[in-house]
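Visitor: Supplied structure: target-v4.txt, compact mmCIF, C-alpha atoms.
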```txt
# COMPACT_ATOMS: atom_id res chain seq x y z
CA MET E 1 42.77 -12.36 42.40
CA ILE E 2 39.05 -12.26 43.10
CA GLU E 3 38.43 -11.69 46.81
CA LEU E 4 34.72 -10.82 46.93
CA LEU E 5 31.63 -12.43 45.44
CA VAL E 6 28.44 -10.38 45.13
CA PHE E 7 25.08 -12.03 44.62
CA ASP E 8 21.74 -10.76 43.48
CA VAL E 9 19.03 -13.03 44.90
CA ASP E 10 15.88 -13.37 42.82
CA GLY E 11 16.79 -15.09 39.57
CA THR E 12 20.30 -16.06 40.68
CA LEU E 13 20.28 -17.63 44.15
CA SER E 14 16.59 -18.43 43.65
CA ASP E 15 14.62 -19.21 40.51
CA GLY E 16 13.13 -15.71 40.48
CA LYS E 17 9.68 -16.81 41.55
CA VAL E 18 8.12 -15.51 44.73
CA TYR E 19 5.66 -17.74 46.53
CA TYR E 20 3.33 -16.80 49.36
CA SER E 21 1.81 -19.13 51.92
CA GLN E 22 -1.88 -18.95 52.82
CA SER E 23 -0.94 -16.65 55.70
CA GLY E 24 1.02 -14.31 53.38
CA GLU E 25 4.49 -15.51 54.35
CA GLU E 26 7.03 -15.27 51.54
CA ILE E 27 8.66 -18.53 50.46
CA LYS E 28 11.82 -18.94 48.32
CA GLY E 29 13.82 -21.96 47.30
CA PHE E 30 17.62 -22.02 47.30
CA HIS E 31 19.76 -24.64 45.57
CA ILE E 32 21.82 -26.62 48.05
CA ARG E 33 24.81 -26.83 45.66
CA ASP E 34 25.00 -23.04 45.50
CA GLY E 35 25.02 -23.02 49.28
CA LEU E 36 27.85 -25.51 49.56
CA ALA E 37 29.99 -23.54 47.09
CA ILE E 38 29.33 -20.31 49.02
CA TYR E 39 30.18 -22.09 52.28
CA VAL E 40 33.52 -23.26 50.82
CA TRP E 41 34.27 -19.73 49.55
CA ASN E 42 33.50 -18.09 52.90
CA HIS E 43 34.63 -20.67 55.44
CA LEU E 44 37.26 -22.89 53.86
CA LEU E 45 38.89 -20.26 51.67
CA GLY E 46 38.28 -17.38 54.07
CA ARG E 47 37.06 -15.03 51.36
CA LYS E 48 34.24 -12.49 51.45
CA SER E 49 30.78 -12.43 49.94
CA ALA E 50 27.83 -10.07 49.80
CA ILE E 51 24.21 -9.92 48.78
CA ILE E 52 22.88 -6.84 47.02
CA THR E 53 19.19 -7.18 46.27
CA GLY E 54 16.31 -4.90 45.45
CA ARG E 55 13.85 -6.65 47.74
CA GLU E 56 13.59 -6.97 51.51
CA SER E 57 13.29 -10.53 52.78
CA SER E 58 13.75 -12.21 56.16
CA ILE E 59 14.28 -15.49 54.29
CA VAL E 60 17.26 -14.01 52.44
CA ARG E 61 18.74 -12.74 55.70
CA LYS E 62 18.37 -16.21 57.25
CA ARG E 63 19.99 -17.93 54.26
CA ALA E 64 22.85 -15.41 54.24
CA GLU E 65 23.51 -16.02 57.93
CA GLU E 66 23.53 -19.81 57.37
CA LEU E 67 26.18 -19.45 54.68
CA GLY E 68 28.33 -16.83 56.41
CA ILE E 69 27.56 -14.02 53.97
CA GLU E 70 28.62 -11.01 56.03
CA HIS E 71 27.48 -8.13 53.86
CA ILE E 72 23.75 -7.97 53.18
CA PHE E 73 22.13 -5.04 51.40
CA MET E 74 18.38 -5.31 50.83
CA GLY E 75 15.89 -2.86 49.35
CA VAL E 76 18.67 -1.42 47.17
CA ARG E 77 17.63 0.81 44.28
CA ASP E 78 21.11 1.67 43.00
CA LYS E 79 23.21 -1.50 43.02
CA LYS E 80 26.18 0.23 41.42
CA GLU E 81 26.37 2.71 44.29
CA ALA E 82 25.94 -0.06 46.87
CA LEU E 83 28.75 -2.09 45.29
CA TYR E 84 30.98 0.97 44.94
CA ASN E 85 30.53 1.80 48.65
CA LEU E 86 31.19 -1.82 49.66
CA LEU E 87 34.42 -1.87 47.66
CA LYS E 88 35.48 1.36 49.33
CA ASP E 89 34.67 -0.02 52.80
CA LEU E 90 36.55 -3.27 52.14
CA GLN E 91 39.42 -1.45 50.39
CA LEU E 92 39.06 -3.59 47.27
CA GLN E 93 39.34 -2.72 43.60
CA ALA E 94 36.66 -3.66 41.08
CA LYS E 95 39.01 -6.21 39.49
CA GLN E 96 38.92 -8.15 42.79
CA VAL E 97 35.15 -8.71 42.57
CA ALA E 98 32.89 -11.13 40.73
CA CYS E 99 29.15 -10.55 40.73
CA ILE E 100 26.07 -12.34 39.46
CA GLY E 101 22.75 -10.86 38.41
CA ASP E 102 19.95 -11.64 36.01
CA ASP E 103 17.89 -8.55 35.28
CA LEU E 104 18.06 -4.87 34.36
CA ASN E 105 18.36 -3.68 37.96
CA ASP E 106 21.73 -5.49 38.06
CA LEU E 107 23.15 -3.46 35.17
CA GLY E 108 24.91 -1.00 37.49
CA MET E 109 26.83 -3.85 39.12
CA PHE E 110 27.72 -5.24 35.68
CA VAL E 111 29.14 -1.90 34.56
CA LEU E 112 31.32 -1.66 37.68
CA CYS E 113 32.33 -5.32 37.95
CA PRO E 114 34.65 -6.76 35.27
CA TYR E 115 33.72 -10.33 36.27
CA ALA E 116 29.94 -10.06 35.90
CA TYR E 117 28.15 -13.39 35.48
CA MET E 118 24.58 -14.00 34.42
CA PRO E 119 22.53 -17.20 34.52
CA LYS E 120 21.46 -18.83 31.27
CA ASN E 121 17.95 -17.37 31.65
CA GLY E 122 19.08 -13.82 32.50
CA ASP E 123 17.71 -10.82 30.62
CA LYS E 124 19.18 -10.58 27.12
CA ALA E 125 20.00 -6.88 27.60
CA LEU E 126 22.64 -7.82 30.21
CA LYS E 127 24.45 -10.19 27.85
CA LYS E 128 26.67 -7.55 26.26
CA TYR E 129 27.83 -6.44 29.73
CA ALA E 130 28.42 -9.95 31.09
CA TYR E 131 31.87 -11.41 31.49
CA LYS E 132 30.24 -14.82 31.13
CA VAL E 133 26.77 -16.20 30.49
CA LEU E 134 26.48 -19.40 32.50
CA LYS E 135 25.10 -22.70 31.23
CA THR E 136 22.85 -23.01 34.28
CA ARG E 137 19.55 -21.28 34.99
CA GLY E 138 19.16 -19.06 38.05
CA GLY E 139 18.17 -20.97 41.18
CA ASN E 140 19.41 -24.23 39.67
CA GLY E 141 23.11 -24.08 40.52
CA ALA E 142 24.18 -20.99 38.55
CA VAL E 143 26.00 -19.57 41.57
CA ARG E 144 27.88 -22.86 41.97
CA GLU E 145 28.93 -22.68 38.31
CA MET E 146 30.07 -19.08 38.83
CA ILE E 147 32.12 -19.97 41.91
CA GLU E 148 33.78 -22.89 40.15
CA ASP E 149 34.78 -20.53 37.33
CA VAL E 150 36.12 -17.96 39.82
CA LEU E 151 38.16 -20.69 41.52
CA LYS E 152 39.76 -21.48 38.14
CA LEU E 153 40.47 -17.79 37.54
CA ASN E 154 42.12 -17.59 40.96
CA GLY E 155 44.15 -20.74 40.36
CA ASP E 156 42.44 -22.46 43.30
CA LYS E 157 41.57 -26.14 43.46
CA LYS E 158 38.22 -27.47 42.32
CA LEU E 159 35.54 -27.62 44.99
CA GLU E 160 35.75 -31.40 45.38
CA LYS E 161 39.37 -31.09 46.53
CA TYR E 162 38.12 -29.46 49.73
CA PHE E 163 36.22 -32.61 50.64
CA LEU E 164 38.84 -35.29 49.95
```
Transcribe the structure of this file into structure tokens.

Guide:
Amino acid sequence: MIELLVFDVDGTLSDGKVYYSQSGEEIKGFHIRDGLAIYVWNHLLGRKSAIITGRESSIVRKRAEELGIEHIFMGVRDKKEALYNLLKDLQLQAKQVACIGDDLNDLGMFVLCPYAYMPKNGDKALKKYAYKVLKTRGGNGAVREMIEDVLKLNGDKKLEKYFL
């Protein structure tokens, strides 16, 4: 059973574009459907989730706190090592983890994680390491699609069942 979801940010939770305001403040957009699926995973199912990203961002920290993502690793150069250490800390095996990433810096996570998902517009080099290439582009509900697939793998109900 999958117990932990691990998210890259740019290109998965967001569309991969970085915007700056006139004053230099970073701006990102997050899909609300991804957020609802993460909320269900964390709060209604009581499971764990993490962010492992190569960039530092106060916006990412704020979004993670809103959704109840407990484990946040930013500025990470070696995502495989970060994931390995998280699994050790949480006393989980790799087969209990699903991750999502879209670019070459996510390759380490893909090698370690047997349930590695990539958005439709992810880098082609990741494809041979991916458990599944999603139908949805990053930042447009790809994480929601991933979570719905993980729920099926776990034998859980569909998301809409949690709202009826």

Visitor: Taking into account only C-alpha atoms, which residue in the set E:Glu65, E:Glu70, E:Ile27, E:Leu4 is nearest to Tyr115 in chain E?

Guide: E:Leu4

Visitor: Take CA of Tyr129 in chain E and CA of Asp103 in chain E and report the distance between them in Å, one decimal.

Guide: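 Separation between CA of Tyr129 in chain E and CA of Asp103 in chain E: 11.6 Å.
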
Visitor: Quick one: of E:Leu67, E:Val6, E:Met118, E:Leu126, who's nearest to Leu83 in chain E, counting all atoms listed in the file?

Guide: E:Val6

Visitor: Set the distance at 12 Å and use all atoms listed in the file: which residues neighbour Asp10 in chain E once local chain neighbours fewer than 6 positions away are removed? I'd like the list as a count of residues only.

Guide: 31

Visitor: Take CA of Val150 in chain E and CA of Asp78 in chain E and report the distance between them in Å, one decimal.

Guide: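 For CA of Val150 in chain E relative to CA of Asp78 in chain E, the distance reads 24.9 Å.
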
Visitor: Would you please work out which residue, of E:Gly155, E:Gly141, E:Gly11, E:Gly68, is nearest to Asp123 in chain E when using all atoms listed in the file?

Guide: E:Gly11

Visitor: Return the single residue from E:Asp34, E:Ile72, E:Gln93, E:Lys161 that is closest to Ser58 in chain E, with distances computed using all atoms listed in the file.

Guide: E:Ile72
